[in-house]
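Colleague: Sharing query35.cif below, mmCIF, C-alpha atoms:
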data_data
#
loop_
_atom_site.group_PDB
_atom_site.id
_atom_site.type_symbol
_atom_site.label_atom_id
_atom_site.label_comp_id
_atom_site.auth_asym_id
_atom_site.auth_seq_id
_atom_site.Cartn_x
_atom_site.Cartn_y
_atom_site.Cartn_z
ATOM 1 C CA MET G 1 -78.419 -3.817 52.629
ATOM 2 C CA ASN G 2 -77.794 -6.444 49.965
ATOM 3 C CA LYS G 3 -80.700 -5.062 47.983
ATOM 4 C CA PHE G 4 -79.137 -1.576 48.118
ATOM 5 C CA ILE G 5 -75.755 -2.803 46.819
ATOM 6 C CA PHE G 6 -77.439 -4.739 44.058
ATOM 7 C CA PHE G 7 -79.371 -1.629 43.090
ATOM 8 C CA ILE G 8 -76.200 0.485 42.892
ATOM 9 C CA LEU G 9 -74.404 -2.092 40.673
ATOM 10 C CA PHE G 10 -77.431 -2.375 38.412
ATOM 11 C CA LEU G 11 -77.569 1.412 38.110
ATOM 12 C CA ALA G 12 -73.872 1.645 37.258
ATOM 13 C CA ILE G 13 -74.086 -1.066 34.585
ATOM 14 C CA SER G 14 -77.111 0.596 33.089
ATOM 15 C CA LEU G 15 -75.474 3.997 32.924
ATOM 16 C CA GLY G 16 -72.326 2.427 31.464
ATOM 17 C CA TYR G 17 -74.324 0.787 28.748
ATOM 18 C CA ILE G 18 -76.173 4.033 28.064
ATOM 19 C CA PHE G 19 -73.025 6.130 27.777
ATOM 20 C CA GLU G 20 -70.856 3.329 26.175
ATOM 21 C CA VAL G 21 -68.248 3.579 28.891
ATOM 22 C CA ASP G 22 -66.791 0.200 27.928
ATOM 23 C CA LYS G 23 -65.973 1.488 24.457
ATOM 24 C CA VAL G 24 -64.307 4.585 25.877
ATOM 25 C CA VAL G 25 -62.230 2.472 28.240
ATOM 26 C CA ALA G 26 -61.361 0.043 25.479
ATOM 27 C CA ARG G 27 -60.476 2.935 23.171
ATOM 28 C CA ASN G 28 -58.255 4.677 25.726
ATOM 29 C CA ILE G 29 -56.804 1.630 27.438
ATOM 30 C CA ASN G 30 -55.838 -0.749 24.607
ATOM 31 C CA PRO G 31 -52.971 -3.143 25.477
ATOM 32 C CA PHE G 32 -52.268 -3.814 21.794
ATOM 33 C CA ASP G 33 -51.726 -0.111 21.133
ATOM 34 C CA SER G 34 -49.175 0.008 23.926
ATOM 35 C CA ILE G 35 -47.366 -3.021 22.546
ATOM 36 C CA LYS G 36 -47.508 -1.576 19.045
ATOM 37 C CA LYS G 37 -46.128 1.784 20.245
ATOM 38 C CA LEU G 38 -43.344 0.021 22.165
ATOM 39 C CA TYR G 39 -42.399 -1.994 19.054
ATOM 40 C CA ILE G 40 -42.353 1.105 16.813
ATOM 41 C CA ASP G 41 -40.232 3.060 19.312
ATOM 42 C CA SER G 42 -37.817 0.115 19.727
ATOM 43 C CA ALA G 43 -37.538 -0.395 15.964
ATOM 44 C CA ALA G 44 -36.866 3.311 15.409
ATOM 45 C CA SER G 45 -34.263 3.338 18.157
ATOM 46 C CA LEU G 46 -32.615 0.212 16.716
ATOM 47 C CA LYS G 47 -32.517 1.741 13.230
ATOM 48 C CA GLU G 48 -30.968 4.926 14.589
ATOM 49 C CA THR G 49 -28.368 2.872 16.472
ATOM 50 C CA LYS G 50 -27.611 0.806 13.361
ATOM 51 C CA ASP G 51 -27.306 3.910 11.171
ATOM 52 C CA LEU G 52 -25.069 5.550 13.742
ATOM 53 C CA TYR G 53 -22.883 2.410 13.928
ATOM 54 C CA PHE G 54 -22.466 2.132 10.145
ATOM 55 C CA ASN G 55 -21.800 5.873 9.843
ATOM 56 C CA GLN G 56 -19.133 5.552 12.514
ATOM 57 C CA MET G 57 -17.610 2.563 10.697
ATOM 58 C CA ILE G 58 -17.494 4.533 7.441
ATOM 59 C CA ASN G 59 -15.941 7.499 9.234
ATOM 60 C CA ILE G 60 -13.354 5.237 10.902
ATOM 61 C CA GLU G 61 -12.427 3.623 7.566
ATOM 62 C CA THR G 62 -12.173 7.055 5.935
ATOM 63 C CA LEU G 63 -10.002 8.378 8.756
ATOM 64 C CA GLN G 64 -7.795 5.265 8.669
ATOM 65 C CA LYS G 65 -7.309 5.674 4.922
ATOM 66 C CA GLU G 66 -6.500 9.375 5.309
ATOM 67 C CA ASN G 67 -4.148 8.573 8.184
ATOM 68 C CA LYS G 68 -2.338 5.986 6.044
ATOM 69 C CA GLU G 69 -1.971 8.495 3.205
ATOM 70 C CA LEU G 70 -0.682 11.115 5.621
ATOM 71 C CA LYS G 71 1.855 8.621 6.992
ATOM 72 C CA ASN G 72 3.053 7.917 3.439
ATOM 73 C CA TYR G 73 3.385 11.639 2.773
ATOM 74 C CA LYS G 74 5.240 12.031 6.067
ATOM 75 C CA LEU G 75 7.670 9.242 5.155
ATOM 76 C CA LEU G 76 8.257 10.762 1.723
ATOM 77 C CA TYR G 77 8.811 14.164 3.298
ATOM 78 C CA GLU G 78 11.225 12.785 5.893
ATOM 79 C CA ALA G 79 13.117 10.812 3.238
ATOM 80 C CA SER G 80 13.399 13.867 0.978
ATOM 81 C CA LYS G 81 14.429 16.066 3.890
ATOM 82 C CA LYS G 82 17.018 13.530 5.002
ATOM 83 C CA GLU G 83 18.464 13.320 1.502
ATOM 84 C CA LEU G 84 18.598 17.108 1.258
ATOM 85 C CA ASP G 85 20.169 17.463 4.720
ATOM 86 C CA THR G 86 22.734 14.799 3.861
ATOM 87 C CA LEU G 87 23.580 16.490 0.595
ATOM 88 C CA LEU G 88 23.973 19.855 2.321
ATOM 89 C CA GLU G 89 26.156 18.337 5.028
ATOM 90 C CA THR G 90 28.259 16.564 2.427
ATOM 91 C CA VAL G 91 28.669 19.737 0.387
ATOM 92 C CA LYS G 92 29.847 21.516 3.538
ATOM 93 C CA SER G 93 32.486 18.837 4.133
ATOM 94 C CA PRO G 94 36.232 19.546 3.756
ATOM 95 C CA ASN G 95 37.535 20.074 0.222
ATOM 96 C CA SER G 96 33.990 20.572 -1.064
ATOM 97 C CA THR G 97 35.254 22.981 -3.702
ATOM 98 C CA THR G 98 37.192 20.177 -5.367
ATOM 99 C CA ASN G 99 34.610 17.440 -4.930
ATOM 100 C CA GLN G 100 31.830 16.200 -7.149
ATOM 101 C CA ILE G 101 28.809 14.522 -5.572
ATOM 102 C CA LYS G 102 25.966 12.886 -7.475
ATOM 103 C CA PHE G 103 22.722 11.330 -6.319
ATOM 104 C CA THR G 104 21.997 7.992 -7.972
ATOM 105 C CA LYS G 105 19.451 5.223 -7.633
ATOM 106 C CA VAL G 106 20.032 1.491 -7.309
ATOM 107 C CA LEU G 107 18.852 -0.326 -10.449
ATOM 108 C CA SER G 108 19.181 -3.962 -9.392
ATOM 109 C CA TYR G 109 21.369 -6.618 -7.859
ATOM 110 C CA ILE G 110 24.152 -7.916 -10.063
ATOM 111 C CA ASP G 111 23.885 -11.440 -8.623
ATOM 112 C CA PHE G 112 20.774 -12.539 -6.765
ATOM 113 C CA ASP G 113 22.857 -14.430 -4.207
ATOM 114 C CA ASP G 114 25.098 -11.439 -3.390
ATOM 115 C CA TYR G 115 23.490 -8.313 -1.937
ATOM 116 C CA THR G 116 26.815 -6.448 -1.774
ATOM 117 C CA LYS G 117 26.971 -5.841 -5.543
ATOM 118 C CA VAL G 118 24.439 -3.583 -7.298
ATOM 119 C CA TRP G 119 24.087 -1.674 -10.550
ATOM 120 C CA LEU G 120 23.701 2.087 -10.186
ATOM 121 C CA ASP G 121 21.835 4.456 -12.478
ATOM 122 C CA LEU G 122 25.070 6.204 -13.376
ATOM 123 C CA GLU G 123 27.250 6.352 -16.464
ATOM 124 C CA LYS G 124 30.797 5.190 -15.754
ATOM 125 C CA LYS G 125 33.369 5.275 -18.538
ATOM 126 C CA ASP G 126 36.745 5.805 -16.856
ATOM 127 C CA ASN G 127 38.556 3.469 -14.495
ATOM 128 C CA SER G 128 38.596 5.779 -11.496
ATOM 129 C CA ILE G 129 37.234 4.422 -8.202
ATOM 130 C CA LEU G 130 34.414 6.435 -6.657
ATOM 131 C CA GLY G 131 33.126 6.482 -3.099
ATOM 132 C CA VAL G 132 29.589 5.466 -2.142
ATOM 133 C CA ILE G 133 27.882 7.474 0.602
ATOM 134 C CA SER G 134 24.777 6.317 2.465
ATOM 135 C CA ASP G 135 23.253 9.205 4.395
ATOM 136 C CA GLU G 136 26.422 10.592 6.017
ATOM 137 C CA TYR G 137 28.405 7.354 6.132
ATOM 138 C CA ALA G 138 30.909 5.548 3.893
ATOM 139 C CA ALA G 139 29.088 2.656 2.198
ATOM 140 C CA GLY G 140 31.449 1.205 -0.427
ATOM 141 C CA ILE G 141 33.042 1.976 -3.780
ATOM 142 C CA VAL G 142 32.031 2.237 -7.442
ATOM 143 C CA VAL G 143 34.010 0.738 -10.322
ATOM 144 C CA ASN G 144 33.567 0.614 -14.073
ATOM 145 C CA LYS G 145 32.106 -2.570 -15.534
ATOM 146 C CA ASP G 146 31.576 -2.403 -19.307
ATOM 147 C CA GLY G 147 30.628 1.272 -19.146
ATOM 148 C CA LYS G 148 28.204 0.771 -16.261
ATOM 149 C CA ALA G 149 28.551 1.786 -12.611
ATOM 150 C CA LYS G 150 29.097 -1.276 -10.451
ATOM 151 C CA ALA G 151 28.784 -0.571 -6.718
ATOM 152 C CA LEU G 152 30.691 -2.824 -4.329
ATOM 153 C CA LEU G 153 29.101 -2.119 -0.966
ATOM 154 C CA ASN G 154 30.446 -2.578 2.543
ATOM 155 C CA GLY G 155 30.761 -6.298 3.123
ATOM 156 C CA ASN G 156 32.083 -7.084 -0.341
ATOM 157 C CA GLU G 157 35.645 -8.421 -0.320
ATOM 158 C CA LYS G 158 36.667 -6.005 -3.092
ATOM 159 C CA SER G 159 35.178 -2.982 -1.337
ATOM 160 C CA ASN G 160 38.437 -1.588 0.058
ATOM 161 C CA TYR G 161 39.229 1.974 1.110
ATOM 162 C CA ALA G 162 41.596 3.730 3.505
ATOM 163 C CA ILE G 163 40.537 4.658 7.019
ATOM 164 C CA PHE G 164 41.744 6.204 10.283
ATOM 165 C CA ILE G 165 40.928 4.717 13.678
ATOM 166 C CA GLY G 166 40.556 6.681 16.900
ATOM 167 C CA GLU G 167 42.168 9.897 18.068
ATOM 168 C CA ASN G 168 45.632 8.735 17.023
ATOM 169 C CA LYS G 169 44.399 8.184 13.442
ATOM 170 C CA ALA G 170 45.760 4.683 13.131
ATOM 171 C CA PRO G 171 45.740 3.850 9.409
ATOM 172 C CA GLY G 172 44.112 0.767 7.952
ATOM 173 C CA ILE G 173 42.241 -0.651 4.969
ATOM 174 C CA ILE G 174 38.610 -1.740 5.053
ATOM 175 C CA HIS G 175 37.835 -5.350 4.095
ATOM 176 C CA ALA G 176 34.852 -7.663 4.351
ATOM 177 C CA SER G 177 34.385 -9.776 7.456
ATOM 178 C CA LYS G 178 33.372 -13.420 7.676
ATOM 179 C CA LYS G 179 30.431 -12.065 9.647
ATOM 180 C CA GLY G 180 28.445 -10.335 6.931
ATOM 181 C CA HIS G 181 27.141 -7.463 9.070
ATOM 182 C CA LEU G 182 30.640 -6.437 10.209
ATOM 183 C CA LEU G 183 33.789 -5.038 8.554
ATOM 184 C CA VAL G 184 37.486 -5.608 9.226
ATOM 185 C CA ALA G 185 40.211 -2.969 9.149
ATOM 186 C CA LYS G 186 43.466 -4.686 8.164
ATOM 187 C CA PHE G 187 47.177 -3.724 8.033
ATOM 188 C CA ILE G 188 47.047 -1.491 11.115
ATOM 189 C CA PRO G 189 50.599 -0.947 12.429
ATOM 190 C CA ASN G 190 51.164 -2.474 15.846
ATOM 191 C CA TRP G 191 52.617 0.667 17.371
ATOM 192 C CA PHE G 192 49.297 2.508 17.107
ATOM 193 C CA ASP G 193 47.188 2.309 20.217
ATOM 194 C CA ILE G 194 43.593 1.509 19.278
ATOM 195 C CA LYS G 195 40.783 0.373 21.569
ATOM 196 C CA LYS G 196 37.252 -0.937 21.526
ATOM 197 C CA GLY G 197 34.753 1.848 20.904
ATOM 198 C CA ASP G 198 37.109 3.963 18.746
ATOM 199 C CA GLU G 199 35.355 5.668 15.860
ATOM 200 C CA VAL G 200 36.484 4.831 12.341
ATOM 201 C CA ILE G 201 36.534 7.459 9.600
ATOM 202 C CA THR G 202 37.742 7.649 6.004
ATOM 203 C CA SER G 203 41.291 8.947 5.698
ATOM 204 C CA GLY G 204 41.177 10.311 2.144
ATOM 205 C CA MET G 205 44.623 8.801 1.526
ATOM 206 C CA ASP G 206 43.295 6.699 -1.352
ATOM 207 C CA ASN G 207 41.578 9.532 -3.274
ATOM 208 C CA ILE G 208 38.325 7.589 -3.008
ATOM 209 C CA PHE G 209 36.807 9.535 -0.110
ATOM 210 C CA PHE G 210 37.633 12.786 1.607
ATOM 211 C CA GLU G 211 38.938 12.624 5.184
ATOM 212 C CA GLY G 212 36.392 12.477 7.980
ATOM 213 C CA LEU G 213 33.448 10.517 6.575
ATOM 214 C CA LYS G 214 32.203 8.183 9.313
ATOM 215 C CA VAL G 215 32.491 4.417 8.795
ATOM 216 C CA GLY G 216 31.661 2.802 12.156
ATOM 217 C CA ARG G 217 33.031 1.829 15.561
ATOM 218 C CA VAL G 218 35.596 -0.764 16.681
ATOM 219 C CA VAL G 219 33.992 -3.741 18.437
ATOM 220 C CA SER G 220 37.071 -5.975 18.809
ATOM 221 C CA ILE G 221 40.829 -6.003 18.135
ATOM 222 C CA LYS G 222 43.116 -8.815 17.023
ATOM 223 C CA LYS G 223 46.853 -8.431 17.733
ATOM 224 C CA MET G 224 49.426 -10.181 15.551
ATOM 225 C CA GLN G 225 53.208 -10.146 15.350
ATOM 226 C CA ASP G 226 53.695 -7.086 13.165
ATOM 227 C CA ILE G 227 50.206 -5.748 12.545
ATOM 228 C CA GLN G 228 46.762 -5.701 14.085
ATOM 229 C CA GLU G 229 43.201 -5.930 12.830
ATOM 230 C CA ALA G 230 40.030 -4.246 14.093
ATOM 231 C CA THR G 231 36.516 -5.573 13.666
ATOM 232 C CA ILE G 232 34.099 -2.738 12.958
ATOM 233 C CA MET G 233 30.364 -2.310 13.305
ATOM 234 C CA PRO G 234 29.514 -0.091 10.289
ATOM 235 C CA TYR G 235 27.061 2.788 10.516
ATOM 236 C CA ALA G 236 25.693 2.479 6.972
ATOM 237 C CA LYS G 237 22.843 0.002 6.474
ATOM 238 C CA VAL G 238 23.672 -0.633 2.837
ATOM 239 C CA PHE G 239 21.309 -3.541 2.175
ATOM 240 C CA LYS G 240 18.234 -1.363 2.813
ATOM 241 C CA GLN G 241 19.258 1.487 0.540
ATOM 242 C CA LYS G 242 17.516 2.168 -2.773
ATOM 243 C CA ALA G 243 19.719 5.170 -3.579
ATOM 244 C CA PHE G 244 23.179 6.514 -2.728
ATOM 245 C CA PHE G 245 25.394 9.525 -3.157
ATOM 246 C CA VAL G 246 28.455 8.891 -5.305
ATOM 247 C CA TYR G 247 31.581 10.898 -4.550
ATOM 248 C CA LYS G 248 34.379 11.714 -6.956
ATOM 249 C CA LYS G 249 37.367 13.825 -6.093
ATOM 250 C CA ILE G 250 38.188 16.162 -8.934
ATOM 251 C CA GLN G 251 41.885 16.449 -9.442
ATOM 252 C CA LYS G 252 43.123 19.969 -10.030
ATOM 253 C CA GLU G 253 44.478 20.314 -13.548
ATOM 254 C CA LYS G 254 47.915 21.765 -13.984
ATOM 255 C CA PRO G 255 48.175 24.926 -16.060
ATOM 256 C CA LYS G 256 48.833 24.213 -19.746
ATOM 257 C CA LYS G 257 51.924 26.424 -19.668
ATOM 258 C CA GLU G 258 53.400 24.341 -16.845
ATOM 259 C CA ILE G 259 52.646 21.062 -18.672
ATOM 260 C CA LEU G 260 54.246 22.366 -21.895
ATOM 261 C CA LYS G 261 57.417 23.415 -20.078
ATOM 262 C CA LYS G 262 57.575 20.019 -18.398
ATOM 263 C CA GLU G 263 57.291 18.229 -21.746
ATOM 264 C CA LEU G 264 60.022 20.415 -23.282
ATOM 265 C CA THR G 265 62.508 20.438 -20.425
ATOM 266 C CA GLY G 266 61.652 17.301 -18.506
ATOM 267 C CA LYS G 267 61.016 19.340 -15.366
ATOM 268 C CA VAL G 268 58.616 21.989 -14.190
ATOM 269 C CA ILE G 269 59.934 25.542 -14.426
ATOM 270 C CA LYS G 270 58.234 27.934 -12.046
#
Show me this structure written as structure tokens.

Modeller:
Amino acid sequence: MNKFIFFILFLAISLGYIFEVDKVVARNINPFDSIKKLYIDSAASLKETKDLYFNQMINIETLQKENKELKNYKLLYEASKKELDTLLETVKSPNSTTNQIKFTKVLSYIDFDDYTKVWLDLEKKDNSILGVISDEYAAGIVVNKDGKAKALLNGNEKSNYAIFIGENKAPGIIHASKKGHLLVAKFIPNWFDIKKGDEVITSGMDNIFFEGLKVGRVVSIKKMQDIQEATIMPYAKVFKQKAFFVYKKIQKEKPKKEILKKELTGKVIK
């Protein structure tokens, strides 16, 4: 039996040597080829992953840049639309046929320690007082300073204009408050009933603004012996504005014939 097994093994080895089976096996079953193939496939996969990652990063950066540009365009569009809407609303306001409204930019602060005074890009030669409008709200006044337009915004002590408070239209005059973000309406007669939450509008009684332009809301009231004062939270955010509308009421001119008769007779003859 052992001789038979030995004979079979000898025969197999002999045939393998004759037909070079070992070379065939080595050629077809090479562990180094498998390792090499695995390395090549892994390297290719890694390169594809890396390329995909960097392409995605480039695409993300491109999209972020485009998104930022689109946001800027959106802001510019909204700002332009808001300015146009405000202008249209202002033009539709009462007495618009006798009003003159101009859009003007802020040039600079007058004093670096006072944000309530700014130079406007507007020629100002006469001594009339103009109204400053921010969006749809009263924001201050404009006066002449050496031929230049000097804007005194809400919060400046010299920014004074006439207002009405609440449904009863209690009259008052806007002044600055010791709290810079608030305003104070002074000289309100005591017999007018005003309350917290009342809306404040321009009265037009000073020829600076027309009646009805919003100013703010009453947040507190101080009663005194003969008069009362109201602290107001203004609507206009004047310190953030880079441009304003400037309002001037155009006075109707009297006919030349009427003026001549007045000069000659001392009275108007109709």

Colleague: Hey, which of G:Phe164, G:Tyr73, G:Phe245, G:Tyr235 ends up closest to Asp193 of chain G? Count all atoms listed in the file.

Modeller: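 The answer is G:Phe164, which sits nearest to Asp193 of chain G.
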
Colleague: Step by step, work through what the PyMOL selection byres ((chain G and resi 196) around 7) selects in the shown file, and finish by giving those residues as an MDAnalysis selection string.

Modeller: chainID G and resid 195 197:198 218:220

Colleague: What does the distance between atom CA of Phe210 of chain G and atom CA of Glu136 of chain G come to in Å, to one decimal place?

Modeller: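 Calculated distance between atom CA of Phe210 of chain G and atom CA of Glu136 of chain G is 12.2 Å.
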
Colleague: For the structure provided, state which residues fall under the PyMOL selection byres ((chain G and resi 244) around 7), and present them as a PDB file with C-alpha atoms, in the coordinates of the input.

Modeller:
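Wrote it out as selection.pdb, contents follow:
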ATOM      1  CA  PHE G 103      22.722  11.330  -6.319  1.00  0.00           C
ATOM      2  CA  THR G 104      21.997   7.992  -7.972  1.00  0.00           C
ATOM      3  CA  LYS G 105      19.451   5.223  -7.633  1.00  0.00           C
ATOM      4  CA  VAL G 132      29.589   5.466  -2.142  1.00  0.00           C
ATOM      5  CA  ILE G 133      27.882   7.474   0.602  1.00  0.00           C
ATOM      6  CA  SER G 134      24.777   6.317   2.465  1.00  0.00           C
ATOM      7  CA  ALA G 243      19.719   5.170  -3.579  1.00  0.00           C
ATOM      8  CA  PHE G 245      25.394   9.525  -3.157  1.00  0.00           C
ATOM      9  CA  VAL G 246      28.455   8.891  -5.305  1.00  0.00           C
TER      10      VAL G 246
END

Colleague: Could you list, as a PyMOL selection string, every residue within 10 Å of Met224 of chain G, counting all atoms listed in the file and ignoring same-chain residues fewer than 3 positions away?

Modeller: chain G and resi 189-190+221+227-229

Colleague: Using the chain letters and numbers from the file, which residues does the PyMOL selection byres ((chain G and resi 206) around 7) grab, as number ranges by chain?

Modeller: G: 161-162, 204-205, 207-208
